[in-house]
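Peer 1: File structure.txt below, compact mmCIF, C-alpha atoms:
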```txt
# COMPACT_ATOMS: atom_id res chain seq x y z
CA MET A 1210 10.50 28.86 18.20
CA SER A 1211 8.85 32.05 19.34
CA GLY A 1212 5.34 31.37 20.62
CA TYR A 1213 5.81 27.59 20.88
CA ASP A 1214 6.16 25.35 23.94
CA THR A 1215 9.14 22.99 24.07
CA ASP A 1216 6.91 19.96 23.34
CA SER A 1217 4.86 21.70 20.65
CA ALA A 1218 4.29 20.26 17.19
CA VAL A 1219 2.19 21.53 14.29
CA LEU A 1220 0.66 19.90 11.23
CA VAL A 1221 0.42 22.31 8.29
CA LEU A 1222 -1.71 21.52 5.23
CA GLU A 1223 -1.09 23.08 1.83
CA ASP A 1224 -4.44 24.90 1.92
CA GLY A 1225 -3.23 26.81 5.00
CA ARG A 1226 -5.09 24.80 7.67
CA ILE A 1227 -2.96 24.31 10.80
CA PHE A 1228 -3.42 21.79 13.62
CA ARG A 1229 -1.46 22.26 16.83
CA GLY A 1230 -0.47 19.38 19.10
CA THR A 1231 2.48 17.82 20.86
CA THR A 1232 5.53 15.92 19.68
CA PHE A 1233 5.15 12.21 19.02
CA GLY A 1234 8.05 10.09 17.88
CA ALA A 1235 11.08 11.90 16.53
CA VAL A 1236 11.44 15.68 16.74
CA GLY A 1237 12.10 17.67 13.58
CA GLN A 1238 10.47 18.14 10.19
CA THR A 1239 8.78 15.81 7.72
CA LEU A 1240 6.95 16.45 4.47
CA GLY A 1241 4.52 14.24 2.57
CA GLU A 1242 0.95 13.77 1.39
CA ALA A 1243 -1.60 13.83 4.23
CA VAL A 1244 -3.89 10.78 4.05
CA PHE A 1245 -6.03 8.94 6.58
CA SER A 1246 -6.42 5.25 7.41
CA THR A 1247 -9.61 3.89 8.98
CA GLY A 1248 -8.06 0.72 10.45
CA MET A 1249 -8.62 0.24 14.18
CA THR A 1250 -5.88 -2.38 14.39
CA GLY A 1251 -2.64 -3.16 12.60
CA TYR A 1252 -0.83 0.15 12.93
CA GLN A 1253 2.58 -1.58 12.77
CA GLU A 1254 1.62 -3.21 9.48
CA THR A 1255 0.45 0.17 8.18
CA LEU A 1256 3.59 2.03 9.20
CA THR A 1257 5.88 -0.55 7.56
CA ASP A 1258 3.86 -0.90 4.33
CA PRO A 1259 6.04 0.43 1.45
CA SER A 1260 2.88 1.69 -0.28
CA TYR A 1261 2.80 4.52 2.29
CA HIS A 1262 6.17 5.87 1.15
CA ARG A 1263 6.13 9.70 1.20
CA GLN A 1264 2.78 9.89 2.99
CA ILE A 1265 1.86 11.38 6.36
CA VAL A 1266 -0.71 8.95 7.75
CA VAL A 1267 -3.54 10.09 10.02
CA ALA A 1268 -4.99 7.37 12.26
CA THR A 1269 -8.77 7.70 12.56
CA ALA A 1270 -8.86 5.37 15.60
CA PRO A 1271 -8.56 7.67 18.62
CA GLN A 1272 -6.01 5.67 20.61
CA ILE A 1273 -2.89 4.24 19.00
CA GLY A 1274 0.04 2.31 20.43
CA ASN A 1275 -1.64 -0.03 22.93
CA THR A 1276 0.13 -3.15 21.69
CA GLY A 1277 3.52 -1.49 21.32
CA TRP A 1278 5.97 -2.75 18.70
CA ASN A 1279 7.23 -6.27 18.02
CA ASP A 1280 9.76 -8.08 15.82
CA GLU A 1281 7.21 -10.10 13.83
CA ASP A 1282 4.56 -7.85 12.25
CA ASP A 1283 6.57 -5.61 9.91
CA GLU A 1284 5.26 -5.65 6.34
CA SER A 1285 8.47 -4.50 4.67
CA VAL A 1286 11.75 -6.26 4.05
CA GLY A 1287 15.13 -4.90 3.10
CA PRO A 1288 16.75 -4.87 -0.34
CA THR A 1289 17.92 -8.47 0.10
CA GLY A 1290 14.71 -9.78 1.66
CA SER A 1291 16.04 -9.78 5.21
CA SER A 1292 13.58 -8.93 7.98
CA ALA A 1293 16.50 -7.32 9.81
CA GLU A 1294 16.44 -4.60 7.15
CA SER A 1295 12.74 -3.82 7.63
CA LYS A 1296 11.79 -0.20 8.18
CA ILE A 1297 8.94 2.22 8.70
CA TRP A 1298 7.97 3.71 5.33
CA VAL A 1299 5.47 6.42 6.28
CA ALA A 1300 6.81 9.96 6.13
CA GLY A 1301 5.01 10.96 9.33
CA TYR A 1302 2.35 9.82 11.76
CA VAL A 1303 -0.62 11.74 13.19
CA VAL A 1304 -2.59 10.42 16.18
CA ARG A 1305 -5.01 11.75 18.73
CA ASP A 1306 -4.23 9.83 21.92
CA PRO A 1307 -1.01 7.76 22.02
CA ALA A 1308 -1.17 4.94 24.55
CA ARG A 1309 0.77 5.70 27.71
CA ARG A 1310 1.53 2.05 28.39
CA THR A 1311 2.29 -0.91 26.14
CA SER A 1312 0.07 -3.93 26.83
CA SER A 1313 0.97 -7.02 24.78
CA TRP A 1314 3.01 -10.10 25.56
CA ARG A 1315 4.46 -9.90 22.03
CA ALA A 1316 5.78 -6.36 22.39
CA THR A 1317 9.52 -5.76 22.33
CA GLY A 1318 9.17 -2.01 22.78
CA SER A 1319 6.81 0.92 22.49
CA LEU A 1320 5.52 2.64 19.35
CA GLN A 1321 6.94 5.95 20.59
CA ASP A 1322 10.41 4.45 21.01
CA GLU A 1323 10.34 2.84 17.55
CA LEU A 1324 9.33 6.09 15.88
CA VAL A 1325 12.19 7.86 17.63
CA LYS A 1326 14.63 5.07 16.74
CA GLN A 1327 13.75 5.27 13.05
CA GLY A 1328 13.54 9.07 12.94
CA VAL A 1329 9.84 9.25 12.06
CA VAL A 1330 8.37 12.64 12.99
CA GLY A 1331 4.83 12.62 14.34
CA ILE A 1332 2.25 14.70 16.14
CA ALA A 1333 -0.28 13.80 18.85
CA GLY A 1334 -3.12 15.46 20.69
CA ILE A 1335 -4.93 16.97 17.71
CA ASP A 1336 -8.58 16.58 16.78
CA THR A 1337 -8.17 13.82 14.20
CA ARG A 1338 -11.92 13.73 13.53
CA ALA A 1339 -11.81 17.36 12.39
CA LEU A 1340 -8.71 16.63 10.32
CA VAL A 1341 -10.29 13.62 8.59
CA ARG A 1342 -13.47 15.57 7.83
CA HIS A 1343 -11.28 18.28 6.32
CA LEU A 1344 -9.38 15.79 4.13
CA ARG A 1345 -12.62 14.10 3.04
CA THR A 1346 -13.97 17.49 1.97
CA ARG A 1347 -10.86 19.00 0.42
CA GLY A 1348 -9.04 15.80 -0.55
CA SER A 1349 -5.60 14.43 0.28
CA MET A 1350 -3.00 17.17 0.04
CA ARG A 1351 0.62 18.05 0.67
CA ALA A 1352 1.45 18.58 4.33
CA GLY A 1353 4.23 18.83 6.87
CA VAL A 1354 4.75 18.06 10.54
CA PHE A 1355 7.14 20.36 12.40
CA SER A 1356 8.55 20.30 15.93
CA GLY A 1357 11.66 21.34 17.85
CA ASP A 1358 14.09 23.50 15.89
CA ALA A 1359 12.00 23.03 12.72
CA LEU A 1360 9.22 25.22 14.12
CA ALA A 1361 8.84 28.67 12.58
CA GLU A 1362 6.21 31.21 11.67
CA PRO A 1363 3.15 29.73 9.89
CA GLU A 1364 3.98 31.45 6.61
CA VAL A 1365 7.44 29.91 6.59
CA LEU A 1366 6.10 26.41 7.31
CA LEU A 1367 3.44 26.74 4.62
CA ASP A 1368 6.12 27.66 2.07
CA ARG A 1369 8.03 24.50 3.00
CA VAL A 1370 4.89 22.40 2.52
CA LYS A 1371 4.13 23.90 -0.88
CA SER A 1372 7.70 23.47 -2.08
CA GLN A 1373 7.45 19.66 -2.11
CA PRO A 1374 6.35 17.77 -5.23
CA SER A 1375 2.81 16.42 -5.55
CA MET A 1376 2.02 12.69 -5.44
CA LEU A 1377 0.51 13.16 -8.90
CA GLY A 1378 3.27 12.19 -11.29
CA ALA A 1379 5.46 10.64 -8.59
CA ASP A 1380 7.49 7.62 -9.74
CA LEU A 1381 8.27 5.84 -6.48
CA ALA A 1382 8.30 2.08 -7.09
CA GLY A 1383 12.04 2.04 -7.72
CA GLU A 1384 12.65 3.73 -4.36
CA VAL A 1385 11.03 0.91 -2.37
CA SER A 1386 11.89 -2.11 -4.53
CA THR A 1387 14.50 -4.76 -3.84
CA THR A 1388 17.79 -3.97 -5.54
CA SER A 1389 19.15 -7.47 -6.11
CA GLY A 1390 16.19 -9.82 -5.70
CA TYR A 1391 15.70 -12.72 -3.29
CA VAL A 1392 13.91 -16.06 -3.03
CA VAL A 1393 11.21 -17.23 -0.62
CA GLU A 1394 10.98 -21.01 -0.53
CA PRO A 1395 7.73 -22.96 -0.08
CA THR A 1396 6.67 -23.99 3.40
CA GLY A 1397 7.72 -27.64 3.61
CA GLY A 1398 8.14 -30.08 0.73
CA GLU A 1399 9.04 -29.53 -2.90
CA ALA A 1400 8.00 -26.44 -4.83
CA ARG A 1401 4.88 -27.09 -6.90
CA PHE A 1402 5.36 -23.93 -8.97
CA THR A 1403 7.74 -21.02 -9.41
CA VAL A 1404 6.40 -17.47 -9.49
CA ALA A 1405 8.30 -14.32 -10.42
CA ALA A 1406 7.07 -11.49 -8.19
CA ILE A 1407 7.79 -7.98 -9.46
CA ASP A 1408 8.56 -5.89 -6.39
CA LEU A 1409 6.88 -2.51 -6.75
CA GLY A 1410 6.65 -2.25 -2.95
CA ILE A 1411 5.80 -5.82 -1.97
CA LYS A 1412 4.61 -6.66 1.54
CA THR A 1413 6.15 -9.43 3.63
CA ASN A 1414 2.95 -11.46 3.85
CA THR A 1415 2.57 -11.86 0.08
CA PRO A 1416 5.47 -14.29 -0.57
CA ARG A 1417 4.51 -16.02 2.67
CA MET A 1418 1.00 -16.74 1.38
CA PHE A 1419 2.42 -18.09 -1.86
CA ALA A 1420 4.88 -20.24 0.11
CA GLU A 1421 2.03 -21.72 2.14
CA ARG A 1422 0.61 -23.01 -1.15
CA GLY A 1423 3.83 -24.73 -2.17
CA ILE A 1424 5.08 -21.94 -4.44
CA ARG A 1425 8.68 -20.78 -4.72
CA VAL A 1426 8.75 -16.99 -5.11
CA HIS A 1427 11.56 -15.14 -6.85
CA VAL A 1428 11.13 -11.50 -5.83
CA LEU A 1429 12.60 -9.35 -8.61
CA PRO A 1430 13.39 -5.61 -8.79
CA SER A 1431 10.82 -3.24 -10.25
CA ASP A 1432 12.90 -2.92 -13.44
CA ALA A 1433 13.03 -6.68 -14.06
CA THR A 1434 12.96 -7.86 -17.67
CA LEU A 1435 11.10 -10.61 -19.48
CA GLU A 1436 14.42 -12.36 -20.05
CA GLN A 1437 15.00 -12.61 -16.30
CA ILE A 1438 11.55 -14.11 -15.82
CA LEU A 1439 12.04 -16.63 -18.61
CA ASP A 1440 15.48 -17.59 -17.27
CA LEU A 1441 13.79 -18.56 -14.00
CA LYS A 1442 11.40 -20.83 -15.93
CA ALA A 1443 8.62 -19.13 -13.95
CA ASP A 1444 5.16 -20.69 -14.14
CA GLY A 1445 3.50 -17.34 -13.51
CA VAL A 1446 4.08 -13.67 -12.67
CA PHE A 1447 2.85 -11.55 -9.77
CA LEU A 1448 2.63 -7.73 -9.73
CA SER A 1449 2.83 -6.32 -6.22
CA ASN A 1450 1.42 -3.31 -4.43
CA GLY A 1451 3.48 -0.12 -4.25
CA PRO A 1452 3.50 3.68 -3.98
CA GLY A 1453 3.26 6.47 -6.50
CA ASP A 1454 1.36 7.38 -9.64
CA PRO A 1455 0.70 4.37 -11.91
CA ALA A 1456 0.76 6.70 -14.92
CA THR A 1457 4.55 6.90 -14.49
CA ALA A 1458 5.14 3.11 -14.44
CA ASP A 1459 5.67 2.64 -18.18
CA GLY A 1460 8.38 0.02 -17.66
CA ALA A 1461 6.12 -2.21 -15.58
CA VAL A 1462 3.28 -1.78 -18.07
CA HIS A 1463 5.55 -2.81 -20.95
CA LEU A 1464 6.74 -5.87 -19.00
CA THR A 1465 3.13 -6.83 -18.25
CA LYS A 1466 2.24 -6.73 -21.93
CA GLU A 1467 5.23 -8.97 -22.68
CA VAL A 1468 4.26 -11.43 -19.94
CA ILE A 1469 0.68 -11.71 -21.22
CA GLY A 1470 1.98 -12.10 -24.74
CA GLN A 1471 4.08 -15.07 -23.58
CA GLY A 1472 0.96 -16.74 -22.20
CA LEU A 1473 2.23 -16.70 -18.61
CA PRO A 1474 -0.50 -16.53 -15.93
CA LEU A 1475 -0.51 -13.16 -14.19
CA PHE A 1476 -1.92 -11.94 -10.86
CA GLY A 1477 -1.74 -8.36 -9.57
CA ILE A 1478 -2.55 -6.57 -6.31
CA CYS A 1479 -3.17 -2.84 -5.72
CA PHE A 1480 -0.51 -1.01 -7.78
CA GLY A 1481 -0.30 -4.23 -9.77
CA ASN A 1482 -4.01 -3.89 -10.56
CA GLN A 1483 -3.40 -0.44 -12.01
CA ILE A 1484 -0.43 -1.76 -14.02
CA LEU A 1485 -2.49 -4.60 -15.52
CA GLY A 1486 -5.34 -2.18 -16.24
CA ARG A 1487 -2.99 0.15 -18.09
CA ALA A 1488 -1.55 -2.79 -20.03
CA LEU A 1489 -5.11 -3.64 -21.12
CA GLY A 1490 -5.76 -0.07 -22.27
CA LEU A 1491 -7.45 1.56 -19.26
CA GLY A 1492 -6.55 4.98 -17.89
CA THR A 1493 -5.90 5.94 -14.27
CA TYR A 1494 -6.76 8.95 -12.15
CA LYS A 1495 -5.94 10.37 -8.73
CA MET A 1496 -8.75 9.85 -6.22
CA LYS A 1497 -9.94 12.67 -3.98
CA PHE A 1498 -8.89 11.02 -0.73
CA GLY A 1499 -8.36 7.38 -1.68
CA HIS A 1500 -9.17 4.17 0.17
CA ARG A 1501 -7.06 3.32 3.21
CA GLY A 1502 -8.11 0.97 5.98
CA ILE A 1503 -9.25 -2.58 6.64
CA ASN A 1504 -13.02 -2.27 6.28
CA VAL A 1505 -13.73 -1.47 2.62
CA PRO A 1506 -16.55 -3.52 0.97
CA VAL A 1507 -15.89 -4.78 -2.56
CA ILE A 1508 -18.34 -6.48 -4.96
CA GLU A 1509 -17.18 -9.29 -7.27
CA HIS A 1510 -19.69 -8.90 -10.09
CA GLU A 1511 -19.48 -12.39 -11.57
CA THR A 1512 -20.58 -14.01 -8.30
CA GLY A 1513 -22.23 -11.14 -6.43
CA ARG A 1514 -19.94 -11.92 -3.52
CA ILE A 1515 -19.02 -9.05 -1.21
CA ALA A 1516 -15.70 -9.07 0.63
CA ILE A 1517 -14.54 -6.76 3.40
CA THR A 1518 -11.07 -5.78 2.32
CA ALA A 1519 -7.87 -4.01 3.34
CA GLN A 1520 -6.94 -1.16 1.01
CA ASN A 1521 -4.29 1.48 0.55
CA HIS A 1522 -4.45 3.43 -2.69
CA GLY A 1523 -4.82 7.00 -3.84
CA PHE A 1524 -5.12 6.21 -7.55
CA ALA A 1525 -7.65 4.05 -9.40
CA LEU A 1526 -8.46 2.66 -12.84
CA GLU A 1527 -11.09 4.28 -15.01
CA GLY A 1528 -14.14 2.15 -15.77
CA GLU A 1529 -17.55 0.97 -14.56
CA ALA A 1530 -18.92 -2.17 -12.93
CA GLY A 1531 -19.14 -5.11 -15.32
CA GLN A 1532 -17.79 -3.12 -18.25
CA GLU A 1533 -16.35 -5.35 -21.00
CA PHE A 1534 -13.79 -4.01 -23.45
CA ASP A 1535 -11.41 -5.12 -26.17
CA THR A 1536 -7.67 -5.38 -25.57
CA PRO A 1537 -4.73 -6.56 -27.71
CA PHE A 1538 -4.96 -9.82 -25.73
CA GLY A 1539 -8.69 -10.47 -26.07
CA ARG A 1540 -11.77 -9.28 -24.21
CA ALA A 1541 -11.47 -8.05 -20.63
CA VAL A 1542 -13.92 -7.00 -17.93
CA ILE A 1543 -14.08 -4.74 -14.89
CA SER A 1544 -14.55 -7.57 -12.40
CA HIS A 1545 -14.80 -5.79 -9.04
CA THR A 1546 -15.96 -2.40 -7.77
CA CYS A 1547 -16.16 -0.71 -4.39
CA ALA A 1548 -19.61 -0.84 -2.80
CA ASN A 1549 -19.03 2.58 -1.24
CA ASP A 1550 -18.23 4.70 -4.27
CA GLY A 1551 -18.15 2.48 -7.37
CA ALA A 1552 -14.37 2.76 -7.84
CA VAL A 1553 -12.79 0.00 -9.94
CA GLU A 1554 -11.42 -2.75 -7.68
CA GLY A 1555 -10.48 -5.46 -10.16
CA VAL A 1556 -9.94 -6.34 -13.80
CA ARG A 1557 -9.38 -9.59 -15.67
CA LEU A 1558 -9.06 -11.08 -19.12
CA LEU A 1559 -12.14 -13.13 -19.93
CA ASP A 1560 -9.98 -16.16 -20.78
CA GLY A 1561 -8.82 -16.14 -17.15
CA SER A 1562 -5.10 -15.87 -17.92
CA ALA A 1563 -4.59 -12.55 -16.11
CA PHE A 1564 -6.48 -10.94 -13.25
CA SER A 1565 -5.88 -8.38 -10.55
CA VAL A 1566 -7.58 -6.65 -7.64
CA GLN A 1567 -7.13 -3.20 -6.14
CA TYR A 1568 -7.33 -4.42 -2.55
CA HIS A 1569 -5.04 -6.61 -0.42
CA PRO A 1570 -5.97 -10.32 -0.16
CA GLU A 1571 -2.70 -10.84 1.74
CA ALA A 1572 -3.89 -8.40 4.42
CA ALA A 1573 -2.16 -8.55 7.76
CA ALA A 1574 -3.63 -8.02 10.34
CA GLY A 1575 -6.73 -8.78 8.30
CA PRO A 1576 -9.45 -9.06 7.12
CA HIS A 1577 -9.00 -12.39 5.34
CA ASP A 1578 -12.15 -12.48 3.18
CA ALA A 1579 -10.14 -12.33 -0.06
CA ALA A 1580 -7.36 -14.84 0.69
CA TYR A 1581 -9.05 -17.25 -1.74
CA LEU A 1582 -7.56 -15.23 -4.61
CA PHE A 1583 -4.20 -16.87 -3.94
CA ASP A 1584 -5.93 -20.23 -4.38
CA ARG A 1585 -7.48 -18.98 -7.61
CA PHE A 1586 -4.04 -18.08 -8.95
CA THR A 1587 -2.66 -21.44 -7.82
CA SER A 1588 -5.48 -23.19 -9.69
CA LEU A 1589 -4.63 -21.14 -12.77
CA LEU A 1590 -1.00 -22.27 -12.54
CA GLU A 1591 -2.15 -25.89 -12.21
CA GLY A 1592 -4.39 -25.60 -15.25
CA VAL A 1593 -1.68 -24.11 -17.43
CA LYS A 1594 0.90 -26.68 -16.33
CA LYS A 1595 -1.43 -29.56 -17.14
```
For this file, produce the structure as structure tokens.
Peer 2:
Amino acid sequence: MSGYDTDSAVLVLEDGRIFRGTTFGAVGQTLGEAVFSTGMTGYQETLTDPSYHRQIVVATAPQIGNTGWNDEDDESVGPTGSSAESKIWVAGYVVRDPARRTSSWRATGSLQDELVKQGVVGIAGIDTRALVRHLRTRGSMRAGVFSGDALAEPEVLLDRVKSQPSMLGADLAGEVSTTSGYVVEPTGGEARFTVAAIDLGIKTNTPRMFAERGIRVHVLPSDATLEQILDLKADGVFLSNGPGDPATADGAVHLTKEVIGQGLPLFGICFGNQILGRALGLGTYKMKFGHRGINVPVIEHETGRIAITAQNHGFALEGEAGQEFDTPFGRAVISHTCANDGAVEGVRLLDGSAFSVQYHPEAAAGPHDAAYLFDRFTSLLEGVKK
């Protein structure tokens, strides 16, 4: 630790850029892809989102931690669906000014204490504006946060950063998925429909929003088969969000083709959008720095409606706004694009039997502009059942 103070921490990027700060959360070493999120609220939901697996998240909001940590807002569940098994999924956390005092009647502890408890290494006190500008210019890249006994000479730390695998080609859905499956029952009354949700990194709020609409949700592992879905007598199938490179998810793509071939209604979110797109013949690519935050405008081209959306993705489908194309299942269309950069944000079959969006209509802590998509899927289930 020569040359370092006892509370020192450093963030090292794979291009050699180094940011020096102080320890935040656990002390030690963590490696991952450095990305930034523009959300000013909802840091607990971000930290517990399985889609952030193996990523070091930079908060663009200058002060983080004001509302502490509570037992209600986690967006991950354990392998059996128990909230008691919830965990922080980010590899590391980078902030400028951590709150010195927790101020919320819902808090059960502080953010700092929770990071320590779960062994999440972070860094504070750096110029996050300079870091975000750097990532916007150079793109998301491999990185590491080091503190305590993990500190060493810059050349040594840079070698550690470069030794980790890239997010390109990473097959991660199986690492965050449920292992045995679980069921979320509808909120009050009998179940109107049954949906099989393929867990590629599903968030807690998704089954909850289905349940509010009278839908029983069977959350299945990422390697679920068509036979399992048919055994459940599912009325429809949902493809969840999740981490990693969609180009590696051949199993999920094959299952999606089978589901569409069976005539089952299908709805996908985020990673699920990329899976449906691949099943319809589209390619994917890694974005320069991705979309992460809760303020991303998206255009639905059929209606011209613009929604402010929550997003978390570093990969996207290839295509252009309003583009129609042939698939083995009939004609399809690029239904949504991002108003900021034109990235594909949704795809659907023209017969309405399958659709997906790149953003998060289940967003917690918001925005809620796109929650109507759950109603659209419910209407699709009703139409098919009739």
Peer 1: What is the atom CA of A:Ser1386 to atom CA of A:Leu1429 distance in Å?
Peer 2: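 These two atoms are separated by 8.3 Å.
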Peer 1: Quick one: residues within 10 Å of stretch 1511-1514 of chain A, all atoms listed in the file counted, chain neighbours fewer than 4 positions away excluded, as an MDAnalysis selection string?
Peer 2: chainID A and resid 1507 1531 1543:1545
Peer 1: Find the residues around A:Thr1247 up to 8 Å (all atoms listed in the file counted), leave out those fewer than 3 positions away in its own chain, and share them as a list in words.
Peer 2: Ala1268, Thr1269, Ala1270, Arg1501, Gly1502, Ile1503 and Asn1504 of chain A
Peer 1: So that each row is one residue of stretch 1286-1317 of chain A with an atom at most 12 Å from stretch 1326-1338 of chain A, can you give its shortest atom pair and the distance in Å to one decimal, using only C-alpha atoms, rows by chain and rising number, as CSV?
Peer 2:
```
residue,atom,partner,partner_atom,distance
A:Glu1294,CA,A:Gln1327,CA,11.8
A:Ser1295,CA,A:Gln1327,CA,10.6
A:Lys1296,CA,A:Gln1327,CA,7.6
A:Ile1297,CA,A:Gln1327,CA,7.2
A:Trp1298,CA,A:Val1329,CA,8.9
A:Val1299,CA,A:Val1329,CA,7.8
A:Ala1300,CA,A:Val1329,CA,6.7
A:Gly1301,CA,A:Val1330,CA,5.2
A:Tyr1302,CA,A:Gly1331,CA,4.5
A:Val1303,CA,A:Ile1332,CA,5.1
A:Val1304,CA,A:Ala1333,CA,4.9
A:Arg1305,CA,A:Gly1334,CA,4.6
A:Asp1306,CA,A:Gly1334,CA,5.9
A:Pro1307,CA,A:Ala1333,CA,6.9
A:Ala1308,CA,A:Ala1333,CA,10.6
```
Peer 1: Can you pull out every residue within 10 Å of stretch 1342-1344 of chain A, counting all atoms listed in the file, but drop anything in the same chain fewer than 4 positions away, and send it as a PyMOL selection string?
Peer 2: chain A and resi 1222+1226+1243-1245+1337-1338+1348-1350+1497-1498
Peer 1: Between A:Leu1377, A:Ala1488, A:Ala1573, A:Ala1458, which one has atoms that come closest to A:Asp1282, using only C-alpha atoms?
Peer 2: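 Looking at the shortest contact to A:Asp1282, the residue is A:Ala1573.
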Peer 1: Write out as a PyMOL selection string the residues lying within 9 Å of A:Arg1315, counting only C-alpha atoms and excluding same-chain residues fewer than 4 positions away.
Peer 2: chain A and resi 1276-1281
Peer 1: Just checking: using all atoms listed in the file, which residue out of A:Glu1571, A:Asp1454, A:Asp1283, A:Glu1436 ends up closest to A:Leu1526?
Peer 2: A:Asp1454
Peer 1: Enter the distance from atom CA of A:Pro1259 to atom CA of A:Phe1524, in Å, rounded to one decimal.
Peer 2: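 Those two atoms sit 15.5 Å apart.
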Peer 1: Considering all atoms listed in the file, can you say which of A:Gln1264, A:Gln1321, A:Thr1518, A:Ser1565 comes closest to A:Thr1465?
Peer 2: A:Ser1565
Peer 1: Return as lines of an AutoDock Vina configuration file the centre and edge lengths, in Å with one decimal, of the box along x, y and z that encloses every atom of stretch 1530-1548 of chain A in the file, padded by 4 Å per side.
Peer 2:
```
center_x = -12.2
center_y = -5.6
center_z = -15.3
size_x = 22.9
size_y = 17.8
size_z = 32.9
```
Peer 1: Any idea what's packed within 12 Å of A:Glu1591, counting only C-alpha atoms, ignoring anything in its chain fewer than 5 positions away? Could you give it as a count of residues only?
Peer 2: 13
Peer 1: So which residues fall inside 12 Å of (8.7, -27.2, 2.2) if we count all atoms listed in the file? Mind giving them as a PDB file with C-alpha atoms, in the coordinates of the input?
Peer 2:
```pdb
ATOM      1  CA  VAL A1393      11.210 -17.230  -0.620  1.00  0.00           C
ATOM      2  CA  GLU A1394      10.980 -21.010  -0.530  1.00  0.00           C
ATOM      3  CA  PRO A1395       7.730 -22.960  -0.080  1.00  0.00           C
ATOM      4  CA  THR A1396       6.670 -23.990   3.400  1.00  0.00           C
ATOM      5  CA  GLY A1397       7.720 -27.640   3.610  1.00  0.00           C
ATOM      6  CA  GLY A1398       8.140 -30.080   0.730  1.00  0.00           C
ATOM      7  CA  GLU A1399       9.040 -29.530  -2.900  1.00  0.00           C
ATOM      8  CA  ALA A1400       8.000 -26.440  -4.830  1.00  0.00           C
ATOM      9  CA  ARG A1401       4.880 -27.090  -6.900  1.00  0.00           C
ATOM     10  CA  ARG A1417       4.510 -16.020   2.670  1.00  0.00           C
ATOM     11  CA  PHE A1419       2.420 -18.090  -1.860  1.00  0.00           C
ATOM     12  CA  ALA A1420       4.880 -20.240   0.110  1.00  0.00           C
ATOM     13  CA  GLU A1421       2.030 -21.720   2.140  1.00  0.00           C
ATOM     14  CA  ARG A1422       0.610 -23.010  -1.150  1.00  0.00           C
ATOM     15  CA  GLY A1423       3.830 -24.730  -2.170  1.00  0.00           C
ATOM     16  CA  ILE A1424       5.080 -21.940  -4.440  1.00  0.00           C
ATOM     17  CA  ARG A1425       8.680 -20.780  -4.720  1.00  0.00           C
TER      18      ARG A1425
END
```
Peer 1: With distances taken over all atoms listed in the file, which of A:Thr1388, A:Lys1412, A:Asp1358, A:Ile1227 is nearest to A:Leu1256?
Peer 2: A:Lys1412
Peer 1: Find the residue from A:Asp1258, A:Glu1533, A:Ser1285, A:Phe1355 that sits nearest to A:Ser1217; use all atoms listed in the file when measuring.
Peer 2: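 Under the stated criterion, the closest residue is A:Phe1355.
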Peer 1: Kindly give the distance, in Å, that separates atom CA of A:Glu1223 and atom CA of A:Gly1410, rounded to a single decimal.
Peer 2: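 Computing the Euclidean distance for atom CA of A:Glu1223 and atom CA of A:Gly1410 yields 26.9 Å.
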Peer 1: With all atoms listed in the file as the basis for distance, which of A:Tyr1568, A:Tyr1213, A:Tyr1261, A:Phe1538 is at the shortest distance from A:Ala1519?
Peer 2: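 Closest residue, counting all atoms listed in the file: A:Tyr1568.
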Peer 1: Using the partial input, fill out stretch 1352-1358 of chain A with N, CA, C and O atoms; write the result as an mmCIF file, in the frame of the given file.
Peer 2:
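Okay, selection.cif is ready:
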```
data_model
loop_
_atom_site.group_PDB
_atom_site.id
_atom_site.type_symbol
_atom_site.label_atom_id
_atom_site.label_comp_id
_atom_site.auth_asym_id
_atom_site.auth_seq_id
_atom_site.Cartn_x
_atom_site.Cartn_y
_atom_site.Cartn_z
ATOM 1 N N ALA A 1352 1.474 18.165 2.931
ATOM 2 C CA ALA A 1352 1.450 18.580 4.330
ATOM 3 C C ALA A 1352 2.839 18.468 4.924
ATOM 4 O O ALA A 1352 3.772 17.936 4.296
ATOM 5 N N GLY A 1353 2.971 18.957 6.140
ATOM 6 C CA GLY A 1353 4.230 18.830 6.870
ATOM 7 C C GLY A 1353 3.966 18.808 8.356
ATOM 8 O O GLY A 1353 2.997 19.410 8.846
ATOM 9 N N VAL A 1354 4.788 18.057 9.089
ATOM 10 C CA VAL A 1354 4.750 18.060 10.540
ATOM 11 C C VAL A 1354 6.069 18.661 11.019
ATOM 12 O O VAL A 1354 7.156 18.260 10.563
ATOM 13 N N PHE A 1355 5.976 19.610 11.958
ATOM 14 C CA PHE A 1355 7.140 20.360 12.400
ATOM 15 C C PHE A 1355 7.183 20.402 13.925
ATOM 16 O O PHE A 1355 6.162 20.614 14.577
ATOM 17 N N SER A 1356 8.361 20.202 14.489
ATOM 18 C CA SER A 1356 8.550 20.300 15.930
ATOM 19 C C SER A 1356 10.001 20.645 16.209
ATOM 20 O O SER A 1356 10.856 20.596 15.319
ATOM 21 N N GLY A 1357 10.293 21.006 17.468
ATOM 22 C CA GLY A 1357 11.660 21.340 17.850
ATOM 23 C C GLY A 1357 12.199 22.523 17.066
ATOM 24 O O GLY A 1357 11.500 23.509 16.829
ATOM 25 N N ASP A 1358 13.435 22.396 16.603
ATOM 26 C CA ASP A 1358 14.090 23.500 15.890
ATOM 27 C C ASP A 1358 13.469 23.759 14.524
ATOM 28 O O ASP A 1358 13.764 24.778 13.891
#
```
